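One structure is given here, and the rest of the page talks about it.
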Amino acid sequence: MIATSRIVLVMFLWAVCFPLITAGFAYASHLTFAALRAFLAGAALIGLGLVLGRPWPQGGRTWLTLIAVGFGATSLGYLGMFMASEFILPGIATVLANTQPLLAAVLAGFVLQERLGHIGWTGMGLGFGGIVLIALPQLFTLEAGSFGLGAAYILLAALGITISNVLIRTIAGKTDPVMAMGAQLMIGGLPLLAGAFVFEDPANVRWSLEFVMILGALSLFGSSLAYWLWGEILATTELNRANAFSFLVPIFGLAMGVAFFGERLGWIEVAGISLSLAGIALANRRPAADEPMTAGALQGEGSEP
């Protein structure tokens with residue numbers, strides 16, 4: 001249950017990021033905001049690692065992997081998340097973003113030899129179907145002129161995160177997660193910073209106490225803590241099992257809307273939540289004795305007791 005609790009915490013932290021990103025746009029332009037988030041989060045992890053005496057990642061292959069992770073998870077991931085909000089409704093973005101666990105399951109089967117099996121794929125399908133139901137009311141309010149660009153940004157982010165998750169899994173347990181995740185955030189922030197100088201004016205940030213609090217929460221909790229935990233999780237848990245919990249992110253978003261903004265859930269949203277929770281449970285179901293085992297399961301990996 002320890003691993004499951006940590007995974008749920010990571011998904012909650014990522015869910016909190018979306019309203020913080022939206023709030024921060026009043027003070028900073030998109031790429032500048034994304035770069036600030038990446039650098040602050042990376043510096044915090046590296047600083048913590050140095051204080052704790054954690055070792056730097058070793059080996060050329062590990063560093064090449066971290067460069068690719070930084071480009072996928074941070075450069076493309078943040079670019080897509082921050083830019084898409086200009087062109088696409090949150091519900092549609094949620095549906096497109098949640099193609100990531102499905103894409104990762106396919107890639108993990110080839111690269112990591114982690115295969116879901118029939119029950120696992122059924123769980124992933126139910127989880128994604130639940131997300132579609134949750135977003136259904138917004139799917140009928142498309143704005144044709146901006147939908148294509150917004151969808152492209154979200155799918156770009158999903159692709160970057162998909163590849164990076166598989167790559168993190170390949171080095172998980174072989175390098176310290178604090179230093180590794182700090183390094184990839186700093187590396188991934190460089191293209192964002194370059195883009196900010198080319199397309200924006202980073203000097204135009206409206207610094208205020210509110211923006212500092214937004215940036216701090218987004219960077220330290222939504223990035224530093226979340227990626228630290230995610231790196232540790234993937235050292236002991238198969239990617240597909242952990243990634244299935246990504247369907248919790250929009251559910252947490254709905255819960256925050258109900259708790260803090262007086263929003264109400266209709267029967268469609270309730271059905272979608274139920275379907276997604278059932279999907280997560282199925283995707284994390286242990287294979288029966290007669291079902292084929294994945295490479296990770298044969299090594300005793302999966303959710304910790």
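Naming works like this for the structure tokens: A, B, ... for the chains as they're shown, residue 1 at the start of each chain, ligands 1 onward in shown order.
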So that each row is one residue of segment 27-128 of chain A with an atom at most 10 Å from segment 211-230 of chain A, can you give its shortest atom pair and the distance in Å to one decimal, using only C-alpha atoms, rows by chain and rising number, as CSV?
residue,atom,partner,partner_atom,distance
A:Tyr27,CA,A:Phe211,CA,6.5
A:Ala28,CA,A:Phe211,CA,8.6
A:Phe33,CA,A:Leu215,CA,8.2
A:Ala34,CA,A:Ser219,CA,9.6
A:Leu36,CA,A:Leu215,CA,7.8
A:Arg37,CA,A:Ser219,CA,5.0
A:Ala38,CA,A:Ser219,CA,6.9
A:Phe39,CA,A:Ser219,CA,8.4
A:Leu40,CA,A:Ser219,CA,6.1
A:Ala41,CA,A:Ser219,CA,4.7
A:Gly42,CA,A:Ser224,CA,6.8
A:Ala43,CA,A:Ser224,CA,8.9
A:Ala44,CA,A:Ser224,CA,6.9
A:Leu45,CA,A:Ser224,CA,6.0
A:Ile46,CA,A:Ser224,CA,9.6
A:Thr74,CA,A:Ser223,CA,9.7
Atoms kept (N, CA, C and O atoms) for selection, written as a PDB file, in the first residue's frame:
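Below is the file result.pdb, written as the result:
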ATOM      1  N   TYR A  27       0.559  36.833 -14.546  1.00  0.00           N
ATOM      2  CA  TYR A  27       1.798  37.484 -14.120  1.00  0.00           C
ATOM      3  C   TYR A  27       2.974  37.221 -15.063  1.00  0.00           C
ATOM      4  O   TYR A  27       3.944  37.989 -15.064  1.00  0.00           O
ATOM      5  N   ALA A  28       2.921  36.152 -15.835  1.00  0.00           N
ATOM      6  CA  ALA A  28       4.055  35.813 -16.696  1.00  0.00           C
ATOM      7  C   ALA A  28       3.553  35.155 -17.967  1.00  0.00           C
ATOM      8  O   ALA A  28       2.530  34.457 -17.958  1.00  0.00           O
ATOM      9  N   PHE A  33       7.092  31.506 -17.899  1.00  0.00           N
ATOM     10  CA  PHE A  33       6.529  30.852 -16.717  1.00  0.00           C
ATOM     11  C   PHE A  33       6.992  29.393 -16.650  1.00  0.00           C
ATOM     12  O   PHE A  33       7.413  28.900 -15.593  1.00  0.00           O
ATOM     13  N   ALA A  34       6.932  28.702 -17.793  1.00  0.00           N
ATOM     14  CA  ALA A  34       7.346  27.298 -17.826  1.00  0.00           C
ATOM     15  C   ALA A  34       8.825  27.145 -17.493  1.00  0.00           C
ATOM     16  O   ALA A  34       9.220  26.234 -16.754  1.00  0.00           O
ATOM     17  N   LEU A  36      10.726  29.238 -15.710  1.00  0.00           N
ATOM     18  CA  LEU A  36      10.916  29.525 -14.288  1.00  0.00           C
ATOM     19  C   LEU A  36      10.546  28.317 -13.435  1.00  0.00           C
ATOM     20  O   LEU A  36      11.255  27.973 -12.473  1.00  0.00           O
ATOM     21  N   ARG A  37       9.450  27.663 -13.786  1.00  0.00           N
ATOM     22  CA  ARG A  37       9.027  26.466 -13.046  1.00  0.00           C
ATOM     23  C   ARG A  37      10.090  25.376 -13.125  1.00  0.00           C
ATOM     24  O   ARG A  37      10.458  24.784 -12.103  1.00  0.00           O
ATOM     25  N   ALA A  38      10.605  25.136 -14.316  1.00  0.00           N
ATOM     26  CA  ALA A  38      11.578  24.062 -14.500  1.00  0.00           C
ATOM     27  C   ALA A  38      12.871  24.340 -13.737  1.00  0.00           C
ATOM     28  O   ALA A  38      13.400  23.462 -13.037  1.00  0.00           O
ATOM     29  N   PHE A  39      13.386  25.555 -13.847  1.00  0.00           N
ATOM     30  CA  PHE A  39      14.663  25.872 -13.204  1.00  0.00           C
ATOM     31  C   PHE A  39      14.550  25.896 -11.685  1.00  0.00           C
ATOM     32  O   PHE A  39      15.448  25.411 -10.987  1.00  0.00           O
ATOM     33  N   LEU A  40      13.465  26.464 -11.155  1.00  0.00           N
ATOM     34  CA  LEU A  40      13.298  26.480  -9.704  1.00  0.00           C
ATOM     35  C   LEU A  40      13.150  25.068  -9.162  1.00  0.00           C
ATOM     36  O   LEU A  40      13.760  24.716  -8.135  1.00  0.00           O
ATOM     37  N   ALA A  41      12.368  24.243  -9.851  1.00  0.00           N
ATOM     38  CA  ALA A  41      12.178  22.865  -9.401  1.00  0.00           C
ATOM     39  C   ALA A  41      13.482  22.075  -9.475  1.00  0.00           C
ATOM     40  O   ALA A  41      13.840  21.344  -8.540  1.00  0.00           O
ATOM     41  N   GLY A  42      14.209  22.219 -10.577  1.00  0.00           N
ATOM     42  CA  GLY A  42      15.472  21.508 -10.724  1.00  0.00           C
ATOM     43  C   GLY A  42      16.504  21.953  -9.711  1.00  0.00           C
ATOM     44  O   GLY A  42      17.204  21.122  -9.106  1.00  0.00           O
ATOM     45  N   ALA A  43      16.617  23.274  -9.490  1.00  0.00           N
ATOM     46  CA  ALA A  43      17.588  23.794  -8.531  1.00  0.00           C
ATOM     47  C   ALA A  43      17.268  23.324  -7.116  1.00  0.00           C
ATOM     48  O   ALA A  43      18.179  23.011  -6.333  1.00  0.00           O
ATOM     49  N   ALA A  44      15.976  23.251  -6.782  1.00  0.00           N
ATOM     50  CA  ALA A  44      15.581  22.797  -5.453  1.00  0.00           C
ATOM     51  C   ALA A  44      15.990  21.346  -5.226  1.00  0.00           C
ATOM     52  O   ALA A  44      16.522  20.996  -4.158  1.00  0.00           O
ATOM     53  N   LEU A  45      15.777  20.491  -6.226  1.00  0.00           N
ATOM     54  CA  LEU A  45      16.152  19.082  -6.072  1.00  0.00           C
ATOM     55  C   LEU A  45      17.663  18.909  -6.003  1.00  0.00           C
ATOM     56  O   LEU A  45      18.174  18.153  -5.164  1.00  0.00           O
ATOM     57  N   ILE A  46      18.386  19.593  -6.869  1.00  0.00           N
ATOM     58  CA  ILE A  46      19.839  19.463  -6.853  1.00  0.00           C
ATOM     59  C   ILE A  46      20.413  20.012  -5.545  1.00  0.00           C
ATOM     60  O   ILE A  46      21.314  19.416  -4.944  1.00  0.00           O
ATOM     61  N   THR A  74      10.085  17.668 -19.648  1.00  0.00           N
ATOM     62  CA  THR A  74      10.089  19.076 -19.260  1.00  0.00           C
ATOM     63  C   THR A  74       9.909  20.006 -20.455  1.00  0.00           C
ATOM     64  O   THR A  74       8.997  20.838 -20.470  1.00  0.00           O
TER      65      THR A  74
END
Kindly assemble as JSON lines a list of the segment 227-297 of chain A residues that lie within 12 Å of segment 151-163 of chain A, each paired with its nearest atom pair and their distance in Å to one decimal, using only C-alpha atoms, sorted first by chain and then by ascending residue number.
{"residue": "A:Leu239", "atom": "CA", "partner": "A:Thr162", "partner_atom": "CA", "distance": 10.3}
{"residue": "A:Asn240", "atom": "CA", "partner": "A:Thr162", "partner_atom": "CA", "distance": 11.0}
{"residue": "A:Asn243", "atom": "CA", "partner": "A:Thr162", "partner_atom": "CA", "distance": 9.7}
{"residue": "A:Ser246", "atom": "CA", "partner": "A:Ala158", "partner_atom": "CA", "distance": 11.7}
Problem set entry | alpha helix (DSSP H) call set, DSSP backbone run, segment 136-243 of chain A, as a PyMOL selection string | chain A and resi 136-139+144-171+177-199+209-216+226-233+239-243
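Ranking A:Ile171, A:Phe245, A:Glu238, A:Gly195 by their shortest atom-to-atom distance to Gln100 of chain A, with only C-alpha atoms included, puts A:Phe245 first.
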Exercise. Quick one: of A:Gly77, A:Gly231, A:Gly189, A:Pro250, who's nearest to Leu277 of chain A, counting only C-alpha atoms?
Worked result: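 Among the listed residues, A:Pro250 lies closest to Leu277 of chain A.
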Problem set entry | Exercise: segment 132-136 of chain A partners within 7 Å, only C-alpha atoms, chain neighbours under 6 positions left out, as a PyMOL selection string | chain A and resi 91-92+95+268-269+272
Which residues come within 8 Å of Ala196 of chain A, counting only C-alpha atoms, excluding same-chain residues fewer than 4 positions away, as a short mmCIF file (atom, residue, chain, number, x, y, z; two decimals) with N, CA and C atoms, in the first residue's frame?
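Written output follows (selection_25.cif):
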data_model
loop_
_atom_site.label_atom_id
_atom_site.label_comp_id
_atom_site.auth_asym_id
_atom_site.auth_seq_id
_atom_site.Cartn_x
_atom_site.Cartn_y
_atom_site.Cartn_z
N LEU A 31 6.01 30.68 -21.99
CA LEU A 31 7.32 30.02 -21.99
C LEU A 31 8.18 30.50 -20.83
N THR A 32 8.08 31.78 -20.51
CA THR A 32 8.83 32.32 -19.37
C THR A 32 8.40 31.64 -18.08
N ALA A 35 9.67 28.04 -18.03
CA ALA A 35 11.10 27.97 -17.76
C ALA A 35 11.40 28.24 -16.28
N LEU A 192 13.12 25.81 -23.10
CA LEU A 192 12.03 26.70 -22.74
C LEU A 192 12.54 28.13 -22.55
N GLU A 200 9.20 35.83 -26.46
CA GLU A 200 8.62 36.63 -25.39
C GLU A 200 9.67 37.59 -24.83
N ASP A 201 9.30 38.29 -23.80
CA ASP A 201 10.24 39.15 -23.07
C ASP A 201 10.21 38.74 -21.61
N PRO A 202 11.17 37.89 -21.18
CA PRO A 202 11.16 37.42 -19.79
C PRO A 202 11.20 38.53 -18.75
#
For this session: Return the single residue from A:Val270, A:Leu275, A:Phe252, A:Pro101 that is closest to Val10 of chain A, with distances computed using only C-alpha atoms.
Result: A:Phe252
Exercise. How many Å lie between atom CA of Gly59 of chain A and atom CA of Thr175 of chain A, rounded to one decimal?
Worked result: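 Taking atom CA of Gly59 of chain A and atom CA of Thr175 of chain A, their separation equals 9.9 Å.
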Exercise. Rounded to one decimal in Å, what is the spacing between atom CA of Ile21 of chain A and atom CA of Ala93 of chain A?
Worked result: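 Here the two named atoms are 13.9 Å from each other.
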